[in-house]
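Structure below is final19.txt: compact mmCIF, C-alpha atoms.
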# COMPACT_ATOMS: atom_id res chain seq x y z
CA MET A 1 -46.79 13.40 -11.84
CA THR A 2 -47.51 13.46 -8.10
CA PRO A 3 -45.03 15.24 -5.80
CA GLY A 4 -44.33 11.90 -4.09
CA THR A 5 -43.33 10.23 -7.38
CA THR A 6 -41.22 13.25 -8.35
CA VAL A 7 -39.32 13.12 -5.06
CA ALA A 8 -38.83 9.35 -5.31
CA LEU A 9 -37.50 9.54 -8.89
CA ALA A 10 -35.23 12.51 -8.15
CA THR A 11 -33.85 10.76 -5.06
CA LEU A 12 -33.15 7.65 -7.12
CA ILE A 13 -31.33 9.59 -9.85
CA GLY A 14 -29.37 11.60 -7.24
CA THR A 15 -28.31 8.37 -5.54
CA ILE A 16 -27.25 6.89 -8.88
CA SER A 17 -25.12 10.00 -9.51
CA ARG A 18 -23.40 9.42 -6.14
CA PHE A 19 -22.83 5.81 -7.17
CA LEU A 20 -21.18 6.99 -10.41
CA PHE A 21 -18.69 8.97 -8.29
CA LEU A 22 -17.76 5.92 -6.24
CA THR A 23 -14.77 5.26 -8.45
CA VAL A 24 -12.35 2.68 -7.12
CA ASP A 25 -8.88 3.47 -8.39
CA TYR A 26 -5.39 2.59 -7.14
CA ARG A 27 -6.26 4.04 -3.74
CA GLN A 28 -8.90 1.30 -3.27
CA TYR A 29 -11.07 3.42 -1.04
CA PRO A 30 -13.91 2.82 -0.56
CA SER A 31 -13.82 -0.64 -2.09
CA TYR A 32 -15.39 -2.88 0.54
CA PRO A 33 -19.19 -3.27 0.78
CA GLN A 34 -19.21 -1.46 4.14
CA GLY A 35 -17.59 1.59 2.56
CA TYR A 36 -20.00 1.53 -0.38
CA LEU A 37 -22.95 1.23 1.97
CA VAL A 38 -21.89 4.20 4.10
CA HIS A 39 -21.30 6.49 1.14
CA LEU A 40 -24.37 5.39 -0.82
CA SER A 41 -26.59 5.85 2.22
CA LEU A 42 -25.28 9.34 2.84
CA GLY A 43 -25.61 10.07 -0.89
CA ALA A 44 -29.24 8.90 -0.80
CA ILE A 45 -29.99 11.23 2.12
CA ALA A 46 -28.32 14.11 0.25
CA ALA A 47 -30.34 13.29 -2.87
CA PHE A 48 -33.56 13.22 -0.88
CA LEU A 49 -32.86 16.66 0.56
CA GLY A 50 -32.26 17.99 -2.96
CA ALA A 51 -35.33 16.21 -4.33
CA VAL A 52 -37.83 17.63 -1.85
CA ALA A 53 -36.71 21.26 -2.23
CA ILE A 54 -38.61 22.18 -5.43
CA PRO A 55 -41.89 20.33 -4.71
CA ALA A 56 -41.84 21.88 -1.22
CA LEU A 57 -41.20 25.41 -2.54
CA ALA A 58 -43.89 24.88 -5.20
CA SER A 59 -46.39 24.17 -2.48
CA LYS A 60 -45.20 27.39 -0.75
CA ASP A 61 -43.55 25.49 2.04
CA PHE A 62 -40.54 27.76 2.50
CA ALA A 63 -39.27 25.68 5.40
CA ALA A 64 -37.66 23.60 2.62
CA ALA A 65 -34.76 26.07 2.67
CA THR A 66 -34.02 24.79 6.17
CA PHE A 67 -33.53 21.34 4.68
CA LEU A 68 -30.77 22.65 2.44
CA ALA A 69 -29.04 24.32 5.38
CA LEU A 70 -29.34 21.00 7.20
CA ALA A 71 -27.73 19.31 4.21
CA ALA A 72 -24.73 21.64 4.31
CA GLN A 73 -24.29 20.80 8.00
CA GLN A 74 -24.54 17.10 7.26
CA PHE A 75 -21.95 17.32 4.47
CA ARG A 76 -19.50 19.06 6.78
CA GLU A 77 -19.95 16.12 9.12
CA ILE A 78 -19.07 13.79 6.25
CA ARG A 79 -15.87 15.73 5.70
CA ASN A 80 -15.01 15.43 9.39
CA LEU A 81 -15.81 11.72 9.31
CA GLU A 82 -13.48 11.14 6.38
CA ARG A 83 -10.73 13.28 7.87
CA THR A 84 -10.85 11.52 11.23
CA GLY A 85 -10.97 8.08 9.64
CA LEU A 86 -7.99 8.71 7.39
CA GLU A 87 -6.01 10.40 10.17
CA ASN A 88 -6.49 7.31 12.34
CA LEU A 89 -5.19 5.13 9.52
CA GLU A 90 -1.99 7.19 9.18
CA LYS A 91 -0.42 5.27 12.05
CA VAL A 92 -0.49 2.02 10.07
CA GLU A 93 0.68 3.43 6.74
CA LEU A 94 4.32 2.78 5.84
CA VAL A 95 4.24 6.03 3.87
CA PRO A 96 1.56 8.33 5.35
CA ARG A 97 -0.67 10.47 3.16
CA GLY A 98 -0.02 13.59 5.19
CA PRO A 99 -2.62 16.09 6.46
CA ALA A 100 -2.78 18.07 3.19
CA TYR A 101 -3.71 15.00 1.13
CA ILE A 102 -6.24 13.88 3.74
CA GLU A 103 -7.91 17.29 3.69
CA GLY A 104 -8.17 17.09 -0.10
CA ILE A 105 -9.77 13.64 0.04
CA ALA A 106 -12.19 14.72 2.78
CA LYS A 107 -13.25 17.74 0.71
CA ALA A 108 -13.79 15.53 -2.34
CA PHE A 109 -16.14 13.28 -0.35
CA GLU A 110 -18.06 16.30 0.88
CA ALA A 111 -18.35 17.69 -2.65
CA ARG A 112 -19.71 14.39 -4.00
CA ASN A 113 -22.71 14.67 -1.69
CA TYR A 114 -23.42 18.16 -3.03
CA ILE A 115 -23.39 16.61 -6.50
CA ALA A 116 -25.98 14.03 -5.41
CA MET A 117 -28.09 16.85 -4.00
CA PHE A 118 -27.81 19.10 -7.08
CA THR A 119 -28.56 16.19 -9.41
CA ALA A 120 -31.72 15.37 -7.47
CA LEU A 121 -32.63 19.08 -7.39
CA ILE A 122 -32.30 19.38 -11.17
CA THR A 123 -34.23 16.17 -11.73
CA SER A 124 -37.16 17.24 -9.58
CA GLY A 125 -37.01 20.74 -11.12
CA VAL A 126 -37.16 19.42 -14.67
CA ILE A 127 -40.00 17.01 -13.84
CA TYR A 128 -41.90 19.83 -12.18
CA LEU A 129 -41.33 22.44 -14.90
CA VAL A 130 -41.69 20.34 -18.06
CA GLU A 131 -45.29 19.68 -18.80
CA ALA A 132 -45.28 16.53 -20.87
CA ASN A 133 -46.11 12.90 -20.42
CA GLY A 134 -44.43 11.08 -17.53
CA PHE A 135 -41.92 9.12 -19.61
CA LEU A 136 -40.65 12.21 -21.47
CA GLU A 137 -40.29 14.18 -18.24
CA VAL A 138 -38.29 11.45 -16.56
CA SER A 139 -36.13 10.81 -19.65
CA LEU A 140 -35.28 14.49 -20.01
CA ALA A 141 -34.52 14.82 -16.30
CA ALA A 142 -32.30 11.71 -16.35
CA PHE A 143 -30.48 12.95 -19.47
CA LEU A 144 -29.79 16.40 -18.00
CA SER A 145 -28.64 14.86 -14.71
CA LEU A 146 -26.26 12.56 -16.55
CA LEU A 147 -24.84 15.54 -18.45
CA LEU A 148 -24.32 17.36 -15.14
CA VAL A 149 -22.56 14.35 -13.59
CA LEU A 150 -20.28 13.93 -16.61
CA TYR A 151 -19.44 17.64 -16.64
CA LEU A 152 -18.68 17.70 -12.91
CA ARG A 153 -16.64 14.51 -13.14
CA ASP A 154 -14.30 16.22 -15.58
CA SER A 155 -14.26 19.66 -14.00
CA LEU A 156 -13.70 18.36 -10.44
CA ARG A 157 -10.71 16.28 -11.47
CA GLY A 158 -8.22 19.12 -11.02
CA ALA A 159 -4.60 19.48 -12.05
CA ARG A 160 -1.90 16.81 -11.77
CA VAL A 161 1.76 17.03 -10.87
CA GLY A 162 2.61 16.27 -14.51
CA ASP A 163 0.92 19.56 -15.51
CA TYR A 164 3.29 21.49 -13.25
CA ALA A 165 6.61 19.72 -13.64
CA GLU A 166 8.75 17.88 -16.13
CA ILE A 167 9.56 14.49 -14.64
CA THR A 168 12.76 12.75 -15.63
CA PRO A 169 14.30 9.53 -14.32
CA ALA A 170 17.51 10.24 -12.39
CA ARG A 171 20.59 8.37 -11.24
CA LEU A 172 21.09 7.44 -7.59
CA SER A 173 24.63 7.70 -6.24
CA PHE A 174 26.52 7.97 -2.97
CA LYS A 175 29.26 10.42 -2.06
CA GLY A 176 30.50 8.88 1.14
CA SER A 177 27.35 8.11 3.07
CA ILE A 178 25.24 10.82 1.41
CA LEU A 179 22.63 9.70 -1.11
CA TYR A 180 22.19 11.91 -4.18
CA VAL A 181 19.58 11.94 -6.92
CA ASP A 182 21.56 13.47 -9.79
CA GLU A 183 23.03 16.49 -7.96
CA ILE A 184 20.32 16.80 -5.32
CA MET A 185 21.37 15.71 -1.84
CA LEU A 186 18.80 13.46 -0.19
CA LEU A 187 19.89 11.80 3.04
CA ASN A 188 22.70 10.26 5.03
CA VAL A 189 22.68 6.46 4.93
CA GLY A 190 25.22 5.04 7.37
CA SER A 191 24.60 1.34 6.75
CA ARG A 192 26.74 -0.09 3.95
CA GLU A 193 24.29 -2.92 3.43
CA ALA A 194 21.48 -0.39 2.98
CA ARG A 195 23.60 1.63 0.50
CA ASP A 196 24.15 -1.46 -1.65
CA LEU A 197 20.46 -2.31 -1.56
CA ILE A 198 19.50 1.26 -2.47
CA LEU A 199 21.85 1.28 -5.46
CA GLU A 200 20.60 -2.13 -6.59
CA HIS A 201 16.84 -1.68 -6.13
CA GLY A 202 16.27 2.08 -5.77
CA LEU A 203 14.78 4.47 -8.29
CA GLY A 204 15.28 8.20 -8.59
CA ALA A 205 13.47 10.99 -10.39
CA VAL A 206 13.83 14.73 -10.68
CA LEU A 207 10.88 17.10 -10.96
CA THR A 208 11.68 20.32 -12.79
CA PRO A 209 8.99 22.96 -12.16
CA ARG A 210 7.61 24.52 -15.34
CA ASP A 211 7.34 28.05 -13.89
CA ILE A 212 7.49 30.09 -10.69
CA ASN A 213 3.99 28.97 -9.67
CA ALA A 214 4.95 25.33 -10.05
CA ARG A 215 8.16 25.89 -8.14
CA VAL A 216 6.36 27.26 -5.08
CA THR A 217 3.58 24.67 -5.31
CA LEU A 218 5.88 21.66 -5.56
CA ALA A 219 8.03 22.90 -2.70
CA ASN A 220 5.03 22.42 -0.39
CA LEU A 221 5.69 19.62 2.10
CA GLY A 222 2.12 18.31 1.87
CA GLN A 223 2.37 18.01 -1.91
CA ARG A 224 5.68 16.18 -1.69
CA GLN A 225 4.26 13.77 0.90
CA ALA A 226 1.27 13.10 -1.37
CA ILE A 227 3.66 12.22 -4.21
CA LEU A 228 5.56 9.79 -1.97
CA HIS A 229 2.37 8.17 -0.68
CA ASP A 230 0.97 7.60 -4.16
CA LEU A 231 4.32 6.32 -5.43
CA ALA A 232 4.54 3.80 -2.58
CA THR A 233 0.93 2.76 -3.22
CA ILE A 234 1.44 2.21 -6.94
CA LEU A 235 4.99 0.81 -7.13
CA GLY A 236 5.03 -0.91 -3.76
CA ILE A 237 7.74 -0.26 -1.23
CA ARG A 238 10.63 -2.45 -0.19
CA ARG A 239 10.75 -1.57 3.47
CA ASP A 240 9.34 -2.58 6.82
CA GLN A 241 8.57 -0.44 9.84
CA ASP A 242 12.07 -0.80 11.33
CA GLU A 243 13.93 0.19 8.14
CA PRO A 244 13.77 3.99 7.98
CA GLU A 245 16.68 4.18 5.50
CA PHE A 246 14.33 2.79 2.83
CA SER A 247 11.69 5.46 3.40
CA PRO A 248 10.99 7.34 0.17
CA GLN A 249 12.25 10.91 0.17
CA ALA A 250 11.44 14.09 -1.75
CA ARG A 251 13.96 16.89 -1.28
CA LEU A 252 14.08 20.38 -2.64
CA ASP A 253 17.12 21.82 -4.37
CA HIS A 254 17.11 25.44 -3.20
CA GLU A 255 19.10 26.74 -6.17
CA SER A 256 17.05 25.34 -9.03
CA GLY A 257 13.71 24.61 -7.33
CA LYS A 258 13.94 21.03 -8.58
CA ILE A 259 12.62 18.19 -6.43
CA GLY A 260 14.69 15.03 -6.10
CA ILE A 261 12.68 11.87 -5.38
CA PHE A 262 13.93 8.51 -4.22
CA ILE A 263 12.09 5.25 -3.54
CA VAL A 264 13.01 1.60 -3.16
CA PRO A 265 10.05 0.04 -4.94
CA VAL A 266 8.90 -3.56 -5.19
CA ASN A 267 8.69 -3.14 -8.97
CA LYS A 268 11.71 -1.32 -10.31
CA ASP A 269 10.35 0.46 -13.36
CA ALA A 270 11.51 4.01 -14.06
CA GLU A 271 8.79 4.72 -16.65
CA ALA A 272 6.07 3.51 -14.28
CA MET A 273 7.52 5.84 -11.63
CA ARG A 274 7.44 8.79 -14.03
CA VAL A 275 3.81 8.12 -14.98
CA ALA A 276 2.80 7.58 -11.33
CA ILE A 277 4.30 10.93 -10.28
CA ALA A 278 2.69 12.71 -13.25
CA HIS A 279 -0.77 11.50 -12.16
CA VAL A 280 -0.54 12.55 -8.52
CA PRO A 281 -3.30 15.10 -7.86
CA LEU A 282 -2.18 18.65 -7.24
CA LEU A 283 -3.46 19.50 -3.78
CA GLU A 284 -5.58 22.57 -3.31
CA SER A 285 -3.77 23.40 -0.08
CA ALA A 286 -0.40 23.26 -1.85
CA LYS A 287 -1.38 25.30 -4.89
CA ARG A 288 0.20 28.77 -5.02
CA ARG A 289 0.26 31.42 -7.73
CA PRO A 290 2.89 34.06 -6.97
CA SER A 291 2.78 35.19 -10.61
CA ALA A 292 -0.64 36.69 -9.88
CA ALA A 293 1.10 39.30 -7.74
CA ILE A 294 3.26 42.05 -9.23
CA SER A 295 5.96 41.41 -6.65
CA GLY A 296 5.91 37.68 -7.47
CA ARG A 297 6.41 38.35 -11.22
CA LEU A 298 9.15 40.84 -10.45
CA ALA A 299 11.00 38.39 -8.19
CA ALA A 300 10.72 35.64 -10.80
CA ARG A 301 12.03 37.92 -13.58
CA ARG A 302 14.97 39.14 -11.53
CA SER A 303 16.01 35.67 -10.49
CA GLY A 304 15.60 34.44 -14.09
CA ARG A 305 12.98 31.82 -13.23
CA MET B 1 18.02 17.12 12.86
CA GLN B 2 14.40 18.10 13.29
CA GLY B 3 12.45 18.56 16.51
CA GLY B 4 11.83 15.21 18.17
CA ASP B 5 14.84 13.47 16.60
CA GLN B 6 17.00 11.76 19.17
CA ILE B 7 20.51 10.33 19.05
CA ILE B 8 20.27 6.83 20.49
CA ALA B 9 23.96 5.88 20.43
CA ALA B 10 27.30 6.27 18.67
CA VAL B 11 29.24 3.30 17.36
CA VAL B 12 32.97 3.79 16.82
CA THR B 13 36.22 1.92 16.39
CA LYS B 14 38.81 2.08 19.15
CA GLU B 15 40.78 4.65 17.13
CA SER B 16 37.80 7.02 16.88
CA ARG B 17 36.80 6.70 20.55
CA GLU B 18 38.69 9.77 21.68
CA ARG B 19 36.89 11.96 19.13
CA LEU B 20 33.65 11.64 21.09
CA ALA B 21 32.61 13.55 24.17
CA GLY B 22 29.29 14.01 25.92
CA ASP B 23 26.76 11.81 27.58
CA ILE B 24 25.44 9.66 24.75
CA LEU B 25 25.82 5.88 24.72
CA VAL B 26 29.04 4.92 22.90
CA LEU B 27 29.68 1.38 21.67
CA VAL B 28 33.27 0.56 20.75
CA ALA B 29 34.02 -2.03 18.06
CA GLU B 30 37.23 -3.72 16.95
CA ASN B 31 37.00 -2.64 13.31
CA THR B 32 34.69 -1.01 10.75
CA ALA B 33 33.00 -4.31 9.86
CA GLU B 34 32.08 -4.78 13.50
CA VAL B 35 30.90 -1.16 13.68
CA GLN B 36 28.48 -1.88 10.83
CA ALA B 37 27.27 -5.12 12.41
CA ILE B 38 26.65 -3.51 15.81
CA ALA B 39 24.96 -0.49 14.22
CA THR B 40 22.66 -2.66 12.09
CA SER B 41 21.59 -4.78 15.07
CA LEU B 42 21.04 -1.77 17.29
CA ALA B 43 19.11 0.06 14.59
CA ARG B 44 16.71 -2.87 14.24
CA ILE B 45 16.28 -3.10 18.01
CA THR B 46 15.63 0.61 18.52
CA ASN B 47 13.86 1.28 15.21
CA SER B 48 16.37 4.00 14.46
CA MET B 49 18.37 5.03 11.41
CA ILE B 50 22.09 4.65 10.90
CA HIS B 51 24.00 7.78 9.88
CA GLU B 52 27.70 8.07 9.18
CA LEU B 53 29.79 11.17 9.83
CA PRO B 54 32.77 12.02 7.58
CA THR B 55 35.04 10.90 10.44
CA GLY B 56 33.64 7.38 10.18
CA ILE B 57 31.65 7.68 13.39
CA ILE B 58 28.25 6.01 13.21
CA LEU B 59 25.27 7.63 14.87
CA LEU B 60 21.96 5.95 15.47
CA VAL B 61 19.17 8.49 15.29
CA LYS B 62 15.51 7.96 16.00
CA HIS B 63 13.59 10.24 13.62
Would you write the structure of this file as structure tokens?
Amino acid sequence: MTPGTTVALATLIGTISRFLFLTVDYRQYPSYPQGYLVHLSLGAIAAFLGAVAIPALASKDFAAATFLALAAQQFREIRNLERTGLENLEKVELVPRGPAYIEGIAKAFEARNYIAMFTALITSGVIYLVEANGFLEVSLAAFLSLLLVLYLRDSLRGARVGDYAEITPARLSFKGSILYVDEIMLLNVGSREARDLILEHGLGAVLTPRDINARVTLANLGQRQAILHDLATILGIRRDQDEPEFSPQARLDHESGKIGIFIVPVNKDAEAMRVAIAHVPLLESAKRRPSAAISGRLAARRSGR
Amino acid sequence: MQGGDQIIAAVVTKESRERLAGDILVLVAENTAEVQAIATSLARITNSMIHELPTGIILLVKH
């Protein structure tokens, strides 16, 4: 097979792998043709850079390594692009994602372009190394690339809040003007009308961390904001911009490490809330592991947690 | 309160008026029902949140 055909095929398969990662879930981003076009175009460029590397090195053109360095630079730009775009959108979100969630999303978009590049690299490598007829070469390359995409799709998924905490529906109540979720104090609501609405339409949940690592991780403000954003996205939110008393809240109980969550959703369904919280991605920036340190294990043992 | 939070006004009944001092805007209502009505209107106008102290005094805070 000619180097030109190899590069073209590898670029095509790399672009397809990027397409397979364009999953549109409850976040609905990207879901418009413009968004698809931007990400597929960037994915195609990434795939091309991966595809040319092996044929170029085979012809002793070591400048190909420069292409890969160029790719890394380009992917960083993609991360910046995503970050800036999502940060600009924060102003119009009723429940913002928060900087930690945005950083996680931006990183995911960057990583997907590396996947397109690696897939194209493997494809062109297999076509180049396997000496067989054209159809067999391409079939084998496509099969291996698909395996890689499926493996990365699973391994890049990461942990969820449900892996770190037990989530139980909880009762909302007021003591005076203070809103409680079970025994966790949330906020002061001075409006009687708002209190009645909260008791009628609100939902509460308590997250009990499974261990000391989960306790520290879930206490992170960015992680809590991500939970609230996803909850508001999935269940809907019964508030407008001038009704801050209906803003969802996630508060930490210092004694137990539990997190009390409150939302006034459009659809009042406690089980749906539990499932939605369980599926919130655990943010890399929030993840902590104090048990990996001797002092962390010692502190946890002494405090009985 | 966190940095950037600002007390917009206090809404009180005549009986609670003397419990307040300082230079914030104080609105005086005839009764608790009127306190709630004034606070709700003002909160919508100023995009602030209504908080109630144990003394019954209502504070409007912009978070």
The residue from A:Arg171, A:Arg195, A:Arg97, A:Lys91 with the smallest atom-to-atom distance to chain B, counting all atoms listed in the file, is A:Arg195
Between A:Ser124, A:Val264, A:Glu77, A:Pro244, smallest distance to Lys62 (chain B) by all atoms listed in the file belongs to A:Pro244
- With a distance threshold of 12 Å and counting all atoms listed in the file, extract the residues of chain B near chain A and express them as number ranges by chain. B: 1, 10-11, 32-63
* To do: Compare A:Met1, A:Ala300, A:Ala214, A:Leu282 by their minimum atom-to-atom distance to Val126 (chain A), counting only C-alpha atoms, and give me the closest one.
  =>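 Residue with the minimum atom-to-atom distance to Val126 (chain A): A:Met1.
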Write out as a PyMOL selection string each polymer residue whose atoms come within 6 Å of Thr13 (chain B), counting all atoms listed in the file; drop sequence neighbours fewer than 6 positions from it. chain B and resi 28-31
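Taking CA of Phe262 (chain A) and CA of Leu186 (chain A) as endpoints, the distance between them is 8.0 Å.
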- request: Grab the CA of Thr6 (chain A) to CA of Asp154 (chain A) distance for me, in Å with one decimal place.
  value: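 These two atoms are separated by 28.0 Å.
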note - CA of Arg297 (chain A) and CA of Asp182 (chain A) are separated by 29.2 Å
message = Please return as a list in words every residue within 12 Å of (23.8, 15.4, 25.7), taking into account all atoms listed in the file and the file's own coordinates.
response =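 I get Gln6, Ile7, Ile8, Ala9, Leu20, Ala21, Gly22, Asp23, Ile24 and Leu25 of chain B for the residues within 12 Å of that point.
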Judged by only C-alpha atoms, the minimum distance to Arg238 (chain A) among A:Thr119, A:Ser295, A:Asn267, A:Ser59 is found for A:Asn267
